[in-house]
file final_17.txt (compact mmCIF, N, CA and C atoms)
# COMPACT_ATOMS: atom_id res chain seq x y z
N MET A 1 -27.01 6.35 -10.98
CA MET A 1 -26.25 5.14 -11.26
C MET A 1 -25.90 4.48 -9.93
N ARG A 2 -26.18 3.22 -9.80
CA ARG A 2 -25.85 2.49 -8.58
C ARG A 2 -24.37 2.17 -8.56
N SER A 3 -23.78 2.05 -7.32
CA SER A 3 -22.33 1.85 -7.18
C SER A 3 -21.84 0.58 -7.87
N GLN A 4 -22.65 -0.49 -7.91
CA GLN A 4 -22.17 -1.71 -8.57
C GLN A 4 -22.13 -1.55 -10.09
N ASP A 5 -22.81 -0.51 -10.62
CA ASP A 5 -22.79 -0.26 -12.06
C ASP A 5 -21.59 0.59 -12.48
N VAL A 6 -20.90 1.18 -11.54
CA VAL A 6 -19.79 2.06 -11.85
C VAL A 6 -18.58 1.22 -12.26
N GLN A 7 -18.00 1.56 -13.39
CA GLN A 7 -16.82 0.86 -13.87
C GLN A 7 -15.58 1.60 -13.40
N PRO A 8 -14.51 0.87 -13.03
CA PRO A 8 -13.28 1.53 -12.60
C PRO A 8 -12.67 2.33 -13.75
N LEU A 9 -12.09 3.46 -13.40
CA LEU A 9 -11.37 4.28 -14.35
C LEU A 9 -10.03 3.62 -14.62
N ARG A 10 -9.69 3.37 -15.86
CA ARG A 10 -8.41 2.75 -16.20
C ARG A 10 -7.49 3.82 -16.74
N ILE A 11 -6.33 3.92 -16.12
CA ILE A 11 -5.34 4.89 -16.53
C ILE A 11 -4.33 4.19 -17.41
N PRO A 12 -4.14 4.66 -18.66
CA PRO A 12 -3.18 3.98 -19.54
C PRO A 12 -1.76 4.13 -19.00
N THR A 13 -0.98 3.07 -19.12
CA THR A 13 0.40 3.08 -18.67
C THR A 13 1.28 2.62 -19.82
N SER A 14 2.52 2.45 -19.57
CA SER A 14 3.46 2.03 -20.60
C SER A 14 3.39 0.52 -20.82
N GLY A 15 2.19 0.01 -21.09
CA GLY A 15 2.06 -1.41 -21.41
C GLY A 15 1.83 -2.31 -20.21
N SER A 16 1.85 -1.78 -19.00
CA SER A 16 1.61 -2.64 -17.84
C SER A 16 0.44 -2.08 -17.04
N GLU A 17 -0.28 -2.96 -16.40
CA GLU A 17 -1.42 -2.55 -15.58
C GLU A 17 -0.93 -2.11 -14.21
N ARG A 18 -1.36 -0.98 -13.76
CA ARG A 18 -0.98 -0.48 -12.45
C ARG A 18 -2.13 -0.57 -11.46
N GLY A 19 -3.22 -1.18 -11.87
CA GLY A 19 -4.38 -1.30 -10.99
C GLY A 19 -5.34 -0.17 -11.28
N PRO A 20 -6.63 -0.47 -11.35
CA PRO A 20 -7.62 0.55 -11.68
C PRO A 20 -7.86 1.50 -10.52
N VAL A 21 -8.24 2.69 -10.86
CA VAL A 21 -8.73 3.63 -9.87
C VAL A 21 -10.21 3.36 -9.78
N ALA A 22 -10.67 2.90 -8.64
CA ALA A 22 -12.06 2.48 -8.50
C ALA A 22 -12.79 3.40 -7.53
N PRO A 23 -14.10 3.40 -7.60
CA PRO A 23 -14.86 4.20 -6.63
C PRO A 23 -14.57 3.75 -5.21
N ALA A 24 -14.68 4.66 -4.28
CA ALA A 24 -14.42 4.34 -2.88
C ALA A 24 -15.39 3.27 -2.41
N ARG A 25 -14.89 2.36 -1.58
CA ARG A 25 -15.77 1.33 -1.04
C ARG A 25 -16.54 1.92 0.15
N ARG A 26 -17.60 1.28 0.50
CA ARG A 26 -18.42 1.74 1.62
C ARG A 26 -17.68 1.49 2.93
N THR A 27 -17.89 2.35 3.90
CA THR A 27 -17.23 2.19 5.19
C THR A 27 -18.07 1.26 6.08
N ASP A 28 -17.36 0.43 6.84
CA ASP A 28 -18.03 -0.45 7.79
C ASP A 28 -17.69 0.03 9.21
N GLU A 29 -18.08 -0.74 10.19
CA GLU A 29 -17.87 -0.34 11.58
C GLU A 29 -16.38 -0.23 11.91
N LEU A 30 -15.56 -1.14 11.41
CA LEU A 30 -14.12 -1.07 11.64
C LEU A 30 -13.55 0.20 11.03
N ASP A 31 -13.95 0.51 9.79
CA ASP A 31 -13.49 1.75 9.14
C ASP A 31 -13.86 2.97 9.98
N ARG A 32 -15.10 3.00 10.46
CA ARG A 32 -15.55 4.14 11.26
C ARG A 32 -14.74 4.28 12.55
N SER A 33 -14.41 3.15 13.18
CA SER A 33 -13.63 3.24 14.43
C SER A 33 -12.22 3.75 14.13
N ILE A 34 -11.66 3.38 12.99
CA ILE A 34 -10.33 3.89 12.60
C ILE A 34 -10.41 5.38 12.33
N ILE A 35 -11.42 5.81 11.61
CA ILE A 35 -11.60 7.24 11.32
C ILE A 35 -11.73 8.02 12.62
N GLU A 36 -12.51 7.52 13.56
CA GLU A 36 -12.69 8.20 14.85
C GLU A 36 -11.38 8.28 15.62
N ALA A 37 -10.59 7.20 15.61
CA ALA A 37 -9.30 7.22 16.30
C ALA A 37 -8.36 8.23 15.66
N LEU A 38 -8.37 8.32 14.34
CA LEU A 38 -7.50 9.28 13.66
C LEU A 38 -7.99 10.71 13.83
N GLN A 39 -9.29 10.90 13.97
CA GLN A 39 -9.81 12.23 14.25
C GLN A 39 -9.38 12.69 15.65
N ALA A 40 -9.31 11.76 16.58
CA ALA A 40 -8.86 12.09 17.93
C ALA A 40 -7.36 12.37 17.96
N ASN A 41 -6.59 11.61 17.18
CA ASN A 41 -5.15 11.79 17.11
C ASN A 41 -4.69 11.37 15.71
N GLY A 42 -4.54 12.35 14.84
CA GLY A 42 -4.19 12.10 13.45
C GLY A 42 -2.83 11.46 13.25
N ARG A 43 -1.99 11.46 14.28
CA ARG A 43 -0.66 10.86 14.17
C ARG A 43 -0.59 9.47 14.81
N GLU A 44 -1.74 8.93 15.16
CA GLU A 44 -1.79 7.61 15.79
C GLU A 44 -1.26 6.56 14.82
N SER A 45 -0.52 5.60 15.33
CA SER A 45 0.04 4.55 14.48
C SER A 45 -1.03 3.51 14.16
N PHE A 46 -0.84 2.79 13.05
CA PHE A 46 -1.75 1.70 12.70
C PHE A 46 -1.81 0.68 13.83
N ARG A 47 -0.66 0.38 14.41
CA ARG A 47 -0.60 -0.64 15.47
C ARG A 47 -1.44 -0.23 16.67
N ALA A 48 -1.37 1.04 17.05
CA ALA A 48 -2.16 1.51 18.19
C ALA A 48 -3.65 1.45 17.88
N ILE A 49 -4.01 1.61 16.62
CA ILE A 49 -5.41 1.55 16.22
C ILE A 49 -5.87 0.09 16.12
N GLY A 50 -4.95 -0.82 16.00
CA GLY A 50 -5.32 -2.23 15.95
C GLY A 50 -4.93 -2.91 14.67
N TYR A 51 -4.01 -2.34 13.92
CA TYR A 51 -3.53 -2.95 12.68
C TYR A 51 -2.09 -3.41 12.84
N GLU A 52 -1.68 -4.30 11.96
CA GLU A 52 -0.28 -4.73 11.88
C GLU A 52 0.30 -4.16 10.59
N GLN A 53 1.50 -3.62 10.68
CA GLN A 53 2.21 -3.14 9.51
C GLN A 53 3.48 -3.94 9.34
N ALA A 54 3.85 -4.17 8.10
CA ALA A 54 5.09 -4.88 7.82
C ALA A 54 5.66 -4.38 6.50
N LEU A 55 6.96 -4.40 6.43
CA LEU A 55 7.68 -4.12 5.20
C LEU A 55 8.13 -5.47 4.67
N VAL A 56 7.90 -5.74 3.40
CA VAL A 56 8.26 -7.03 2.83
C VAL A 56 9.20 -6.82 1.65
N GLY A 57 10.37 -7.43 1.73
CA GLY A 57 11.29 -7.46 0.61
C GLY A 57 10.94 -8.65 -0.26
N VAL A 58 10.85 -8.42 -1.56
CA VAL A 58 10.42 -9.46 -2.49
C VAL A 58 11.49 -9.65 -3.56
N LYS A 59 11.90 -10.91 -3.77
CA LYS A 59 12.81 -11.26 -4.87
C LYS A 59 11.99 -11.95 -5.94
N THR A 60 12.21 -11.54 -7.20
CA THR A 60 11.46 -12.11 -8.30
C THR A 60 12.39 -12.79 -9.30
N SER A 61 11.82 -13.64 -10.13
CA SER A 61 12.58 -14.24 -11.22
C SER A 61 12.39 -13.33 -12.43
N GLY A 62 13.44 -12.68 -12.85
CA GLY A 62 13.33 -11.75 -13.96
C GLY A 62 12.80 -10.40 -13.52
N SER A 63 12.14 -9.72 -14.43
CA SER A 63 11.61 -8.38 -14.16
C SER A 63 10.55 -8.42 -13.06
N PRO A 64 10.59 -7.47 -12.14
CA PRO A 64 9.59 -7.46 -11.07
C PRO A 64 8.25 -6.85 -11.48
N GLU A 65 8.14 -6.42 -12.73
CA GLU A 65 6.97 -5.66 -13.15
C GLU A 65 5.65 -6.41 -12.97
N HIS A 66 5.60 -7.68 -13.35
CA HIS A 66 4.33 -8.43 -13.24
C HIS A 66 3.91 -8.59 -11.78
N ALA A 67 4.85 -8.93 -10.91
CA ALA A 67 4.53 -9.06 -9.49
C ALA A 67 4.11 -7.71 -8.91
N ALA A 68 4.83 -6.64 -9.29
CA ALA A 68 4.49 -5.30 -8.78
C ALA A 68 3.09 -4.90 -9.21
N ASP A 69 2.74 -5.18 -10.47
CA ASP A 69 1.40 -4.85 -10.95
C ASP A 69 0.33 -5.59 -10.16
N ALA A 70 0.56 -6.87 -9.88
CA ALA A 70 -0.42 -7.67 -9.13
C ALA A 70 -0.57 -7.16 -7.70
N ILE A 71 0.56 -6.93 -7.03
CA ILE A 71 0.53 -6.49 -5.63
C ILE A 71 -0.07 -5.09 -5.50
N ALA A 72 0.20 -4.23 -6.48
CA ALA A 72 -0.31 -2.86 -6.45
C ALA A 72 -1.84 -2.81 -6.44
N ARG A 73 -2.49 -3.87 -6.88
CA ARG A 73 -3.95 -3.92 -6.88
C ARG A 73 -4.53 -4.29 -5.51
N TRP A 74 -3.70 -4.77 -4.60
CA TRP A 74 -4.19 -5.19 -3.28
C TRP A 74 -4.49 -3.97 -2.42
N PRO A 75 -5.64 -3.94 -1.78
CA PRO A 75 -5.93 -2.80 -0.89
C PRO A 75 -5.02 -2.78 0.34
N GLU A 76 -4.43 -3.91 0.70
CA GLU A 76 -3.56 -3.98 1.89
C GLU A 76 -2.15 -3.48 1.61
N ALA A 77 -1.81 -3.25 0.34
CA ALA A 77 -0.48 -2.77 -0.03
C ALA A 77 -0.49 -1.25 -0.05
N ASP A 78 0.17 -0.64 0.94
CA ASP A 78 0.25 0.82 1.00
C ASP A 78 1.11 1.36 -0.12
N TYR A 79 2.24 0.74 -0.33
CA TYR A 79 3.09 1.12 -1.45
C TYR A 79 3.87 -0.08 -1.94
N VAL A 80 4.21 -0.02 -3.22
CA VAL A 80 4.97 -1.07 -3.89
C VAL A 80 6.06 -0.36 -4.67
N ILE A 81 7.32 -0.69 -4.36
CA ILE A 81 8.45 0.03 -4.93
C ILE A 81 9.43 -0.96 -5.55
N ALA A 82 9.85 -0.69 -6.79
CA ALA A 82 10.94 -1.45 -7.40
C ALA A 82 12.24 -0.85 -6.87
N THR A 83 13.16 -1.70 -6.46
CA THR A 83 14.39 -1.22 -5.83
C THR A 83 15.62 -1.83 -6.50
N ALA A 84 16.75 -1.24 -6.21
CA ALA A 84 18.04 -1.81 -6.59
C ALA A 84 18.65 -2.33 -5.30
N GLY A 85 19.26 -3.48 -5.34
CA GLY A 85 19.86 -4.02 -4.13
C GLY A 85 19.40 -5.43 -3.88
N GLN A 86 19.29 -5.80 -2.62
CA GLN A 86 18.99 -7.16 -2.23
C GLN A 86 17.61 -7.63 -2.71
N PHE A 87 16.63 -6.73 -2.74
CA PHE A 87 15.27 -7.09 -3.13
C PHE A 87 14.90 -6.39 -4.42
N ASP A 88 14.05 -7.04 -5.20
CA ASP A 88 13.54 -6.43 -6.44
C ASP A 88 12.39 -5.48 -6.15
N LEU A 89 11.61 -5.80 -5.12
CA LEU A 89 10.48 -4.97 -4.70
C LEU A 89 10.51 -4.81 -3.19
N VAL A 90 9.99 -3.69 -2.73
CA VAL A 90 9.71 -3.49 -1.31
C VAL A 90 8.24 -3.10 -1.24
N VAL A 91 7.51 -3.80 -0.37
CA VAL A 91 6.07 -3.61 -0.24
C VAL A 91 5.74 -3.32 1.21
N GLU A 92 4.93 -2.30 1.46
CA GLU A 92 4.42 -2.09 2.81
C GLU A 92 3.01 -2.63 2.86
N LEU A 93 2.77 -3.54 3.80
CA LEU A 93 1.46 -4.14 3.98
C LEU A 93 0.83 -3.66 5.28
N VAL A 94 -0.46 -3.43 5.24
CA VAL A 94 -1.23 -3.10 6.44
C VAL A 94 -2.31 -4.17 6.56
N ALA A 95 -2.26 -4.91 7.66
CA ALA A 95 -3.17 -6.04 7.87
C ALA A 95 -4.02 -5.82 9.11
N ALA A 96 -5.16 -6.47 9.14
CA ALA A 96 -6.07 -6.34 10.28
C ALA A 96 -5.46 -6.92 11.55
N ASP A 97 -4.68 -8.00 11.42
CA ASP A 97 -4.04 -8.64 12.57
C ASP A 97 -2.91 -9.53 12.06
N ARG A 98 -2.25 -10.24 12.97
CA ARG A 98 -1.12 -11.08 12.57
C ARG A 98 -1.56 -12.21 11.63
N ARG A 99 -2.72 -12.77 11.85
CA ARG A 99 -3.23 -13.85 11.00
C ARG A 99 -3.42 -13.34 9.57
N HIS A 100 -3.99 -12.16 9.46
CA HIS A 100 -4.19 -11.55 8.14
C HIS A 100 -2.84 -11.28 7.48
N LEU A 101 -1.86 -10.83 8.25
CA LEU A 101 -0.52 -10.59 7.72
C LEU A 101 0.09 -11.89 7.19
N LEU A 102 -0.10 -12.98 7.91
CA LEU A 102 0.39 -14.29 7.45
C LEU A 102 -0.27 -14.67 6.12
N GLU A 103 -1.58 -14.45 6.02
CA GLU A 103 -2.29 -14.74 4.77
C GLU A 103 -1.74 -13.90 3.62
N LEU A 104 -1.44 -12.63 3.89
CA LEU A 104 -0.91 -11.76 2.84
C LEU A 104 0.48 -12.19 2.39
N THR A 105 1.33 -12.56 3.33
CA THR A 105 2.68 -13.00 2.94
C THR A 105 2.61 -14.33 2.19
N SER A 106 1.70 -15.20 2.55
CA SER A 106 1.51 -16.45 1.80
C SER A 106 1.01 -16.15 0.39
N ARG A 107 0.13 -15.19 0.29
CA ARG A 107 -0.38 -14.77 -1.02
C ARG A 107 0.74 -14.19 -1.88
N LEU A 108 1.62 -13.41 -1.25
CA LEU A 108 2.79 -12.87 -1.96
C LEU A 108 3.65 -14.00 -2.52
N ARG A 109 3.94 -14.97 -1.68
CA ARG A 109 4.82 -16.08 -2.07
C ARG A 109 4.21 -16.93 -3.18
N SER A 110 2.89 -16.92 -3.30
CA SER A 110 2.23 -17.75 -4.31
C SER A 110 2.20 -17.09 -5.69
N LEU A 111 2.60 -15.83 -5.80
CA LEU A 111 2.61 -15.17 -7.11
C LEU A 111 3.65 -15.85 -8.00
N PRO A 112 3.34 -16.04 -9.28
CA PRO A 112 4.21 -16.82 -10.17
C PRO A 112 5.66 -16.32 -10.25
N ASP A 113 5.88 -15.01 -10.24
CA ASP A 113 7.24 -14.48 -10.42
C ASP A 113 8.01 -14.31 -9.12
N VAL A 114 7.37 -14.56 -7.98
CA VAL A 114 8.03 -14.35 -6.68
C VAL A 114 8.87 -15.58 -6.33
N VAL A 115 10.16 -15.34 -6.06
CA VAL A 115 11.09 -16.41 -5.69
C VAL A 115 11.16 -16.54 -4.18
N SER A 116 11.25 -15.38 -3.48
CA SER A 116 11.31 -15.41 -2.01
C SER A 116 10.89 -14.06 -1.46
N THR A 117 10.57 -14.06 -0.17
CA THR A 117 10.21 -12.83 0.52
C THR A 117 10.90 -12.80 1.88
N GLU A 118 11.07 -11.61 2.40
CA GLU A 118 11.53 -11.44 3.78
C GLU A 118 10.66 -10.36 4.40
N THR A 119 10.04 -10.69 5.52
CA THR A 119 9.07 -9.80 6.15
C THR A 119 9.67 -9.15 7.39
N PHE A 120 9.50 -7.85 7.47
CA PHE A 120 9.97 -7.07 8.61
C PHE A 120 8.75 -6.48 9.30
N VAL A 121 8.31 -7.11 10.39
CA VAL A 121 7.13 -6.65 11.13
C VAL A 121 7.51 -5.42 11.94
N TYR A 122 6.68 -4.41 11.88
CA TYR A 122 6.94 -3.18 12.63
C TYR A 122 6.67 -3.45 14.11
N LEU A 123 7.67 -3.25 14.94
CA LEU A 123 7.51 -3.41 16.39
C LEU A 123 7.16 -2.08 17.05
N GLU A 124 7.81 -1.02 16.60
CA GLU A 124 7.58 0.32 17.16
C GLU A 124 7.86 1.31 16.04
N MET A 125 7.05 2.35 15.95
CA MET A 125 7.23 3.36 14.92
C MET A 125 7.67 4.66 15.60
N TRP A 126 8.82 5.17 15.19
CA TRP A 126 9.29 6.44 15.73
C TRP A 126 8.86 7.61 14.86
N LYS A 127 8.83 7.40 13.57
CA LYS A 127 8.49 8.52 12.70
C LYS A 127 7.91 8.00 11.40
N GLN A 128 6.82 8.61 10.95
CA GLN A 128 6.24 8.33 9.66
C GLN A 128 5.54 9.61 9.22
N LEU A 129 5.98 10.16 8.12
CA LEU A 129 5.43 11.43 7.65
C LEU A 129 4.56 11.23 6.42
N TYR A 130 3.46 11.96 6.38
CA TYR A 130 2.61 12.00 5.20
C TYR A 130 2.48 13.43 4.71
N ASP A 131 3.34 14.32 5.19
CA ASP A 131 3.22 15.74 4.84
C ASP A 131 4.43 16.23 4.05
N TRP A 132 4.84 15.45 3.05
CA TRP A 132 6.03 15.80 2.28
C TRP A 132 5.79 17.04 1.44
N GLY A 133 4.55 17.38 1.19
CA GLY A 133 4.23 18.48 0.29
C GLY A 133 4.10 17.96 -1.13
N SER A 134 3.77 18.86 -2.03
CA SER A 134 3.52 18.45 -3.41
C SER A 134 4.77 18.48 -4.27
N GLY A 135 5.83 19.15 -3.80
CA GLY A 135 7.01 19.30 -4.63
C GLY A 135 6.88 20.47 -5.60
N MET A 136 5.71 21.09 -5.61
CA MET A 136 5.48 22.24 -6.48
C MET A 136 5.89 23.51 -5.75
N PRO A 137 6.44 24.49 -6.47
CA PRO A 137 6.82 25.73 -5.80
C PRO A 137 5.59 26.44 -5.22
N LYS A 138 5.79 27.10 -4.11
CA LYS A 138 4.71 27.86 -3.50
C LYS A 138 4.39 29.07 -4.38
N GLU A 139 3.19 29.57 -4.25
CA GLU A 139 2.73 30.66 -5.12
C GLU A 139 3.66 31.85 -5.11
N GLU A 140 4.15 32.24 -3.92
CA GLU A 140 5.04 33.42 -3.85
C GLU A 140 6.37 33.17 -4.56
N GLU A 141 6.81 31.89 -4.64
CA GLU A 141 8.04 31.58 -5.33
C GLU A 141 7.89 31.66 -6.84
N THR A 142 6.69 31.39 -7.37
CA THR A 142 6.49 31.40 -8.81
C THR A 142 6.30 32.81 -9.35
N THR A 143 5.95 33.78 -8.49
CA THR A 143 5.72 35.14 -8.95
C THR A 143 6.98 35.99 -8.94
N ARG A 144 8.09 35.43 -8.49
CA ARG A 144 9.33 36.21 -8.44
C ARG A 144 9.99 36.30 -9.77
call {"tool": "encode", "arguments": {"input": "final_17.txt", "output": "structure tokens"}}
result
Amino acid sequence: MRSQDVQPLRIPTSGSERGPVAPARRTDELDRSIIEALQANGRESFRAIGYEQALVGVKTSGSPEHAADAIARWPEADYVIATAGQFDLVVELVAADRRHLLELTSRLRSLPDVVSTETFVYLEMWKQLYDWGSGMPKEEETTR
């Protein structure tokens, strides 16, 4: 089966679309250079590799679910979180450069349910962990 013939796997949700799980896209030269940089130093920041990261607070009119569903489908959105407080959603975006980040924030603002956004561009990263663990007890803990 050729890759363009593969249909995305759709995971049923509670009535809202969370974005399909699709086959991995092919890697290009930029992807390969990022992989090589991370192989050299797995803790390297996106910015050092040549990406821009930003946290965006999003205010919506009414429920944030429709905007969250739309944004969750974007490959540039690392995470999309519904929050309590000043913003209805918090989105982390990873962009190729500042121009791309501007395009993404403009795209966010154009969504029908989005009232306003506030963008926090990452200037320096002190800590970012991806090793939280699974939350599952370790094998020795389950045998006690």
call {"tool": "atom_distance", "arguments": {"input": "final_17.txt", "atom1": "atom C of Gly62 in chain A", "atom2": "CA of Val121 in chain A"}}
result
25.6 Å
call {"tool": "atom_distance", "arguments": {"input": "final_17.txt", "atom1": "CA of Thr60 in chain A", "atom2": "CA of Arg99 in chain A"}}
result
24.3 Å
call {"tool": "closest_atom_pairs", "arguments": {"input": "final_17.txt", "of": "range 25-95 of chain A", "to": "range 110-119 of chain A", "cutoff": "8 Å", "atoms": "only N, CA and C atoms", "output": "tab-separated table"}}
result
residue	atom	partner	partner_atom	distance
A:Ala54	CA	A:Thr119	C	6.3
A:Leu55	C	A:Thr119	CA	4.7
A:Val56	CA	A:Glu118	C	4.4
A:Gly57	N	A:Glu118	C	4.0
A:Val58	CA	A:Thr117	CA	4.5
A:Lys59	C	A:Val115	N	3.9
A:Thr60	CA	A:Val115	N	4.1
A:Ser61	N	A:Asp113	C	4.0
A:Gly62	N	A:Asp113	C	6.8
A:Ser63	C	A:Asp113	CA	7.4
A:Pro64	CA	A:Asp113	C	7.3
A:His66	C	A:Asp113	N	6.9
A:Ala67	N	A:Asp113	CA	6.1
call {"tool": "atom_distance", "arguments": {"input": "final_17.txt", "atom1": "CA of Val90 in chain A", "atom2": "CA of Met125 in chain A"}}
result
17.8 Å
